[in-house]
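What follows is a single structure, written as structure tokens, with notes after it.
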Amino acid sequence: MKTYSITETFVERLPRPGKEEKARFYFDKKATGFGVKVYYSGSKVFGIRIAMKGNKARWLRIGTFRDPWIADSAREEARKIKQNVENGLDPFAHRAPRHASLKRFQDLADGFFEYFQNEVRKGRRAQSTHDEYKRQWDRNISQEVKLKSVVSLKQSDFKKLHDDITNRNPERPLTVEANRTIALLGSLFTWALGRDPEDRYGLTENLAKGVSKNPERGRGMWMEDPDQARLLAFLMDSRNRYSNWWQAELKARRAAKFSKPRRPPVKRPPYILDGSILDALLLCFLGGLRHCEVRAMRWEQVEESRGVIKVPIKKRGAAPGVHDEFKTVFITQEIKEVLDRLPKVDEWVFPSLGRGPKTKSGSGHLENLQSAWNRVRTHLGLPDVRIHDFRHTVASELGDMGNLTAQELKEAMGWKTTATALKYLHSRDHQRQAKIQEITKSRVERLSVAGIKNE
């Protein structure tokens, strides 16, 4: 391998490679492995090629030429990196302040969750997101990784973590769970990198960014008409409400009290639910609301005079510094019927069903809809349908009407930009394939006739 005397003038004069070429390497005569990499864009980056654990050579990036590195300072940095590797340390351990090198990944996570909880109190983030992130951290991040110092963390740690979570259950790979955990880590690292340099504990990059996620099937699906019809009929059927079912069962038990053979008591089926839970699911289905928005809905948000429900925007946080950012959901006759039958005995539209006045999150509203939905979808044979798919379905229905502009659809669904709305305009036109087939057939026939005439 040819080597060069790498100086500032030498690097300055290096030509950039051609458009079809790979980036070029130029290695130094004085320091083994130290060199500069030149890209087609003209960018010149110092680095060192060094044998890491397992004798696998890696190119470690030092920094860009004159931003702020020059040949001499980059060569000295390469020497320190090599010394760290030989001593079994992280290659960039010398860059971290001494106090930072003692900080564990758990310390960084504690700061993140404290910050997130403060955002929840200010109304900028949802409590359910915090709880889900905390669940993923406690369940999926190994103790070994939690106790590592921040400066010793590597991207390979999180690639392995992602694979371990995915393959935890060989019969049913946890593809989505693994992806969600990496998303949590991405949020954690993004938050840390936004802090002052001395408060990052030596973290220099988002280590979750390069982890390839699993492909997910059935995410963001809409429900076809037969499934929608079955679900709507179930949610509207009063016999599926616990109070009605119990009254009917109690009456049957009394009537059969003296019968022979005696009628055994019927055990409550798992899909028989409290009426307020079914009404909450029905609001999600009819209005395209997120389940967290329905669970935490207050009566003060329902403006009957205007015919709208004001729903606070919490997904990804409201705009910086804004505490009262809302979207409006129009109260259709069907939604009005649901609201009219709910008792106004609490500030919450759906008060907690627990024995105490507050749920574990500290509020007095309905805590959980997911376990109830799991029972319903098992009963109806809809194993892949999520509550959030109600929202996709409503958006698709509105988008397929053809009467709404992207701006109107954006406002109706409470999205930040029209880019999301454009995805749903004519998103499931059932005539699309037939139209494409007709156009393609017509084109082939036209070209075929033109070919015969030219013969």
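All residue names refer to the structure tokens as shown: chains lettered A, B, ... in order, residues numbered from 1 in each chain, ligands numbered from 1 in order.
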### Query
Please, which residues of segment 319-429 of chain A, numbered as in this document, come out helix (DSSP H, G or I) from DSSP, as a PyMOL selection string?
chain A and resi 333-340+370-380+388-400+406-413+418-424
Write the residues you've just listed into a file as a compact mmCIF listing (two decimals), in the first residue's frame, and include N, CA and C atoms for each of them.
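File produced: part.txt:
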# COMPACT_ATOMS: atom_id res chain seq x y z
N GLN A 333 -74.26 13.15 14.37
CA GLN A 333 -75.42 12.67 15.11
C GLN A 333 -75.07 11.39 15.88
N GLU A 334 -74.26 10.51 15.26
CA GLU A 334 -73.89 9.26 15.90
C GLU A 334 -73.02 9.50 17.13
N ILE A 335 -72.08 10.45 17.03
CA ILE A 335 -71.23 10.78 18.18
C ILE A 335 -72.07 11.43 19.27
N LYS A 336 -73.03 12.29 18.87
CA LYS A 336 -73.90 12.95 19.84
C LYS A 336 -74.70 11.93 20.65
N GLU A 337 -75.18 10.89 19.98
CA GLU A 337 -75.95 9.85 20.67
C GLU A 337 -75.11 9.14 21.73
N VAL A 338 -73.84 8.92 21.41
CA VAL A 338 -72.94 8.28 22.38
C VAL A 338 -72.74 9.20 23.58
N LEU A 339 -72.46 10.49 23.33
CA LEU A 339 -72.20 11.44 24.42
C LEU A 339 -73.45 11.66 25.28
N ASP A 340 -74.62 11.66 24.64
CA ASP A 340 -75.86 11.94 25.37
C ASP A 340 -76.18 10.86 26.41
N GLN A 370 -56.63 -0.97 25.83
CA GLN A 370 -55.99 -1.99 25.01
C GLN A 370 -56.40 -3.40 25.42
N SER A 371 -56.44 -3.69 26.72
CA SER A 371 -56.80 -5.04 27.15
C SER A 371 -58.24 -5.37 26.77
N ALA A 372 -59.13 -4.37 26.86
CA ALA A 372 -60.52 -4.58 26.45
C ALA A 372 -60.60 -4.84 24.95
N TRP A 373 -59.82 -4.08 24.17
CA TRP A 373 -59.84 -4.27 22.72
C TRP A 373 -59.29 -5.65 22.35
N ASN A 374 -58.30 -6.13 23.08
CA ASN A 374 -57.77 -7.47 22.81
C ASN A 374 -58.86 -8.53 22.93
N ARG A 375 -59.74 -8.38 23.91
CA ARG A 375 -60.84 -9.34 24.08
C ARG A 375 -61.84 -9.24 22.93
N VAL A 376 -62.14 -7.99 22.54
CA VAL A 376 -63.12 -7.78 21.48
C VAL A 376 -62.62 -8.32 20.15
N ARG A 377 -61.38 -8.01 19.80
CA ARG A 377 -60.89 -8.45 18.49
C ARG A 377 -60.68 -9.95 18.44
N THR A 378 -60.39 -10.58 19.58
CA THR A 378 -60.32 -12.04 19.62
C THR A 378 -61.71 -12.63 19.38
N HIS A 379 -62.72 -12.04 20.00
CA HIS A 379 -64.10 -12.51 19.83
C HIS A 379 -64.57 -12.34 18.39
N LEU A 380 -64.21 -11.24 17.75
CA LEU A 380 -64.68 -10.94 16.39
C LEU A 380 -63.77 -11.51 15.31
N HIS A 388 -55.65 1.95 16.78
CA HIS A 388 -55.22 3.07 15.94
C HIS A 388 -55.64 2.89 14.49
N ASP A 389 -55.95 1.65 14.10
CA ASP A 389 -56.42 1.42 12.73
C ASP A 389 -57.80 2.00 12.50
N PHE A 390 -58.57 2.25 13.58
CA PHE A 390 -59.84 2.97 13.42
C PHE A 390 -59.56 4.34 12.80
N ARG A 391 -58.48 4.96 13.26
CA ARG A 391 -58.12 6.31 12.79
C ARG A 391 -57.71 6.26 11.31
N HIS A 392 -56.91 5.25 10.96
CA HIS A 392 -56.53 5.10 9.55
C HIS A 392 -57.77 4.88 8.68
N THR A 393 -58.72 4.12 9.21
CA THR A 393 -59.93 3.82 8.45
C THR A 393 -60.75 5.08 8.21
N VAL A 394 -60.95 5.88 9.26
CA VAL A 394 -61.70 7.12 9.11
C VAL A 394 -61.02 8.06 8.12
N ALA A 395 -59.69 8.19 8.24
CA ALA A 395 -58.94 9.05 7.32
C ALA A 395 -59.08 8.57 5.89
N SER A 396 -59.03 7.25 5.68
CA SER A 396 -59.17 6.69 4.33
C SER A 396 -60.57 6.92 3.78
N GLU A 397 -61.58 6.76 4.64
CA GLU A 397 -62.96 6.99 4.21
C GLU A 397 -63.15 8.45 3.77
N LEU A 398 -62.66 9.38 4.59
CA LEU A 398 -62.79 10.80 4.26
C LEU A 398 -62.00 11.15 3.00
N GLY A 399 -60.80 10.56 2.88
CA GLY A 399 -59.97 10.85 1.71
C GLY A 399 -60.56 10.30 0.42
N ASP A 400 -61.28 9.19 0.50
CA ASP A 400 -61.84 8.56 -0.70
C ASP A 400 -63.10 9.25 -1.20
N ALA A 406 -56.85 18.50 0.68
CA ALA A 406 -55.83 18.03 1.63
C ALA A 406 -55.84 18.88 2.90
N GLN A 407 -56.06 20.20 2.74
CA GLN A 407 -56.09 21.09 3.90
C GLN A 407 -57.27 20.76 4.81
N GLU A 408 -58.43 20.50 4.21
CA GLU A 408 -59.62 20.17 5.01
C GLU A 408 -59.44 18.84 5.74
N LEU A 409 -58.84 17.86 5.06
CA LEU A 409 -58.60 16.56 5.68
C LEU A 409 -57.58 16.69 6.81
N LYS A 410 -56.56 17.51 6.60
CA LYS A 410 -55.55 17.76 7.64
C LYS A 410 -56.20 18.33 8.90
N GLU A 411 -57.08 19.31 8.72
CA GLU A 411 -57.73 19.94 9.87
C GLU A 411 -58.70 18.97 10.55
N ALA A 412 -59.38 18.16 9.75
CA ALA A 412 -60.35 17.22 10.31
C ALA A 412 -59.67 16.18 11.19
N MET A 413 -58.47 15.74 10.80
CA MET A 413 -57.78 14.68 11.53
C MET A 413 -56.77 15.22 12.54
N THR A 418 -50.00 19.00 5.65
CA THR A 418 -50.86 18.40 4.61
C THR A 418 -50.19 17.18 3.98
N ALA A 419 -48.89 17.01 4.22
CA ALA A 419 -48.19 15.86 3.63
C ALA A 419 -48.82 14.55 4.09
N THR A 420 -49.20 14.50 5.37
CA THR A 420 -49.85 13.29 5.87
C THR A 420 -51.21 13.11 5.24
N ALA A 421 -51.94 14.22 5.07
CA ALA A 421 -53.28 14.14 4.47
C ALA A 421 -53.23 13.63 3.04
N LEU A 422 -52.18 14.00 2.30
CA LEU A 422 -52.07 13.58 0.90
C LEU A 422 -51.98 12.06 0.76
N LYS A 423 -51.46 11.39 1.79
CA LYS A 423 -51.35 9.93 1.74
C LYS A 423 -52.72 9.26 1.74
N TYR A 424 -53.72 9.98 2.29
CA TYR A 424 -55.04 9.37 2.45
C TYR A 424 -56.04 9.78 1.37
### Query
Could you name the residues that touch Glu249 of chain A at 12 Å or less, counting only C-alpha atoms, but leaving out those on the same chain fewer than 6 positions away, as a list in words?
Arg239, Tyr242, Ser243, Ala255, Ala256, Arg263, Pro264, Pro265, Val266, Lys267, Arg268 and Pro269 of chain A
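Residue nearest Pro68 of chain A within the list A:Met223, A:Leu281, A:Val45, A:Ala51: A:Val45 [criterion: smallest interatomic distance, only C-alpha atoms].
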### Within 9 Å of Val329 of chain A using only C-alpha atoms, minus same-chain residues under 6 positions, as a PyMOL selection string
chain A and resi 287-289+307-311+411-414
### Message
Residues within 9 Å of Lys148 of chain A, please, as a list of chain:residue names. Count only C-alpha atoms; anything in the same chain fewer than 2 positions from it doesn't count.
### Response
A:Lys103, A:Arg104, A:Phe105, A:Gln106, A:Gln143, A:Glu144, A:Val145, A:Lys146, A:Val150, A:Val151, A:Ser152, A:Leu153
Go ahead and write the residues just picked, C-alpha atoms, as a compact mmCIF listing (two decimals), in the first residue's frame.
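The resulting again-v9.txt:
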# COMPACT_ATOMS: atom_id res chain seq x y z
CA LYS A 103 -21.66 8.00 34.25
CA ARG A 104 -23.70 4.95 33.35
CA PHE A 105 -26.33 4.58 30.65
CA GLN A 106 -28.89 4.26 33.47
CA GLN A 143 -28.84 -4.87 33.00
CA GLU A 144 -25.44 -5.23 31.35
CA VAL A 145 -26.19 -2.39 28.92
CA LYS A 146 -27.81 -0.22 31.61
CA VAL A 150 -22.01 6.12 28.35
CA VAL A 151 -18.61 6.60 26.68
CA SER A 152 -18.22 2.83 26.23
CA LEU A 153 -21.55 2.34 24.45
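The spacing separating atom CA of Glu12 of chain A from atom CA of Arg79 of chain A amounts to 22.1 Å.
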### Distance of atom CA of Ala183 of chain A from atom CA of Ile277 of chain A, expressed in Å to one decimal place
29.6 Å
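Taking atom CA of Lys82 of chain A and atom CA of Arg24 of chain A as endpoints, the distance between them is 22.1 Å.
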### Message
DSSP on the backbone: which residues in segment 49-216 of chain A end up as strand (DSSP E or B)? Give the answer as a ChimeraX atom specification.
### Response
/A:49-51,57-65,67-69,104,149
Would you mind listing what lies within 10 Å of segment 13-16 of chain A as a JSON list (two decimals) with N, CA and C atoms, in the first residue's frame, with only C-alpha atoms counted and same-chain residues fewer than 3 positions away left out?
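Result file is out33.json:
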[["chain", "number", "residue", "atom", "x", "y", "z"],
["A", 8, "GLU", "N", -0.58, 19.65, 5.64],
["A", 8, "GLU", "CA", -1.74, 20.49, 5.32],
["A", 8, "GLU", "C", -1.78, 20.81, 3.83],
["A", 9, "THR", "N", -0.60, 21.09, 3.25],
["A", 9, "THR", "CA", -0.54, 21.41, 1.82],
["A", 9, "THR", "C", -0.93, 20.20, 0.98],
["A", 10, "PHE", "N", -0.46, 19.00, 1.39],
["A", 10, "PHE", "CA", -0.78, 17.77, 0.66],
["A", 10, "PHE", "C", -2.30, 17.54, 0.62],
["A", 19, "LYS", "N", -17.28, 10.83, -10.29],
["A", 19, "LYS", "CA", -18.64, 10.59, -9.80],
["A", 19, "LYS", "C", -18.93, 9.12, -9.60],
["A", 21, "GLU", "N", -16.64, 6.79, -9.00],
["A", 21, "GLU", "CA", -15.60, 6.17, -8.18],
["A", 21, "GLU", "C", -16.00, 6.14, -6.70],
["A", 23, "ALA", "N", -14.84, 6.60, -2.66],
["A", 23, "ALA", "CA", -13.98, 7.57, -1.97],
["A", 23, "ALA", "C", -12.55, 7.04, -1.92],
["A", 24, "ARG", "N", -11.58, 7.93, -2.03],
["A", 24, "ARG", "CA", -10.17, 7.54, -2.05],
["A", 24, "ARG", "C", -9.53, 7.71, -0.68],
["A", 26, "TYR", "N", -5.82, 8.00, 1.46],
["A", 26, "TYR", "CA", -4.40, 8.32, 1.39],
["A", 26, "TYR", "C", -3.84, 8.14, 2.80],
["A", 36, "VAL", "N", -6.32, 10.14, 5.28],
["A", 36, "VAL", "CA", -7.40, 11.05, 4.93],
["A", 36, "VAL", "C", -8.26, 10.38, 3.85],
["A", 37, "LYS", "N", -9.55, 10.55, 3.95],
["A", 37, "LYS", "CA", -10.51, 9.97, 3.01],
["A", 37, "LYS", "C", -11.15, 11.11, 2.23],
["A", 38, "VAL", "N", -11.10, 11.02, 0.89],
["A", 38, "VAL", "CA", -11.60, 12.09, 0.03],
["A", 38, "VAL", "C", -12.85, 11.61, -0.70],
["A", 39, "TYR", "N", -13.94, 12.36, -0.59],
["A", 39, "TYR", "CA", -15.22, 12.00, -1.19],
["A", 39, "TYR", "C", -15.43, 12.76, -2.49],
["A", 40, "TYR", "N", -16.37, 12.29, -3.28],
["A", 40, "TYR", "CA", -16.72, 12.95, -4.54],
["A", 40, "TYR", "C", -17.19, 14.38, -4.31],
["A", 41, "SER", "N", -17.84, 14.60, -3.18],
["A", 41, "SER", "CA", -18.35, 15.94, -2.86],
["A", 41, "SER", "C", -17.23, 16.95, -2.62],
["A", 42, "GLY", "N", -15.99, 16.43, -2.45],
["A", 42, "GLY", "CA", -14.87, 17.30, -2.14],
["A", 42, "GLY", "C", -14.52, 17.31, -0.67],
["A", 43, "SER", "N", -15.36, 16.68, 0.16],
["A", 43, "SER", "CA", -15.09, 16.61, 1.59],
["A", 43, "SER", "C", -13.88, 15.73, 1.87],
["A", 44, "LYS", "N", -13.02, 16.18, 2.79],
["A", 44, "LYS", "CA", -11.81, 15.46, 3.16],
["A", 44, "LYS", "C", -11.83, 15.20, 4.66]]
### Task
Might you pull out every residue within 9 Å of Gly275 of chain A, with only C-alpha atoms counted and same-chain residues fewer than 4 positions away left off, and present them as a list of chain:residue names?
A:Ser238, A:Asn240, A:Arg241, A:Tyr242, A:Ser243, A:Asp279, A:Ala280
Export of the given selection (N, CA and C atoms) as a PDB file, in the first residue's frame:
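Written out: part32.pdb:
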ATOM      1  N   SER A 238     -76.560  -3.732  22.753  1.00  0.00           N
ATOM      2  CA  SER A 238     -76.668  -3.517  24.207  1.00  0.00           C
ATOM      3  C   SER A 238     -76.440  -4.796  24.990  1.00  0.00           C
ATOM      4  N   ASN A 240     -74.005  -6.713  24.808  1.00  0.00           N
ATOM      5  CA  ASN A 240     -72.581  -6.876  25.101  1.00  0.00           C
ATOM      6  C   ASN A 240     -72.112  -5.985  26.256  1.00  0.00           C
ATOM      7  N   ARG A 241     -73.052  -5.207  26.820  1.00  0.00           N
ATOM      8  CA  ARG A 241     -72.726  -4.344  27.956  1.00  0.00           C
ATOM      9  C   ARG A 241     -72.933  -5.129  29.249  1.00  0.00           C
ATOM     10  N   TYR A 242     -71.989  -5.016  30.149  1.00  0.00           N
ATOM     11  CA  TYR A 242     -72.010  -5.853  31.341  1.00  0.00           C
ATOM     12  C   TYR A 242     -73.297  -5.691  32.151  1.00  0.00           C
ATOM     13  N   SER A 243     -73.771  -4.464  32.355  1.00  0.00           N
ATOM     14  CA  SER A 243     -74.964  -4.244  33.177  1.00  0.00           C
ATOM     15  C   SER A 243     -76.179  -4.968  32.589  1.00  0.00           C
ATOM     16  N   ASP A 279     -68.402   2.445  24.817  1.00  0.00           N
ATOM     17  CA  ASP A 279     -68.649   3.780  24.277  1.00  0.00           C
ATOM     18  C   ASP A 279     -67.343   4.473  23.898  1.00  0.00           C
ATOM     19  N   ALA A 280     -66.290   4.255  24.688  1.00  0.00           N
ATOM     20  CA  ALA A 280     -64.980   4.843  24.368  1.00  0.00           C
ATOM     21  C   ALA A 280     -64.453   4.269  23.050  1.00  0.00           C
TER      22      ALA A 280
END
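Across A:Lys30, A:Glu86, A:Leu369, A:Thr328, the tightest approach to Cys284 of chain A is made by A:Leu369 when counting only C-alpha atoms.
Among the candidate residues A:Ala233, A:Ala109, A:Val349, A:Leu250, the one lying nearest to Glu293 of chain A is A:Val349, with distances computed using only C-alpha atoms.
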### Task
Using only C-alpha atoms, find the one residue out of A:Ala71, A:Met52, A:Ile272, A:Leu404 that sits nearest to Thr7 of chain A.
A:Ala71
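Counting only C-alpha atoms, the residue from A:Ser352, A:Asn368, A:Asn167, A:Thr32 that sits nearest to His291 of chain A is A:Asn368.
Summary of the local environment: counting only C-alpha atoms, residues at most 9 Å from segment 184-195 of chain A, other than itself and those fewer than 2 positions away along its chain, are Leu108, Ala109, Gly111, Phe112, Phe113, Tyr133, Gln136, Trp137, Phe158, Asn179, Arg180, Thr181, Ile182, Pro197, Glu198, Asp199, Arg200, Tyr201, Leu203, Thr204, Glu205, Asn206, Leu207, Ala208 and Lys209 of chain A.
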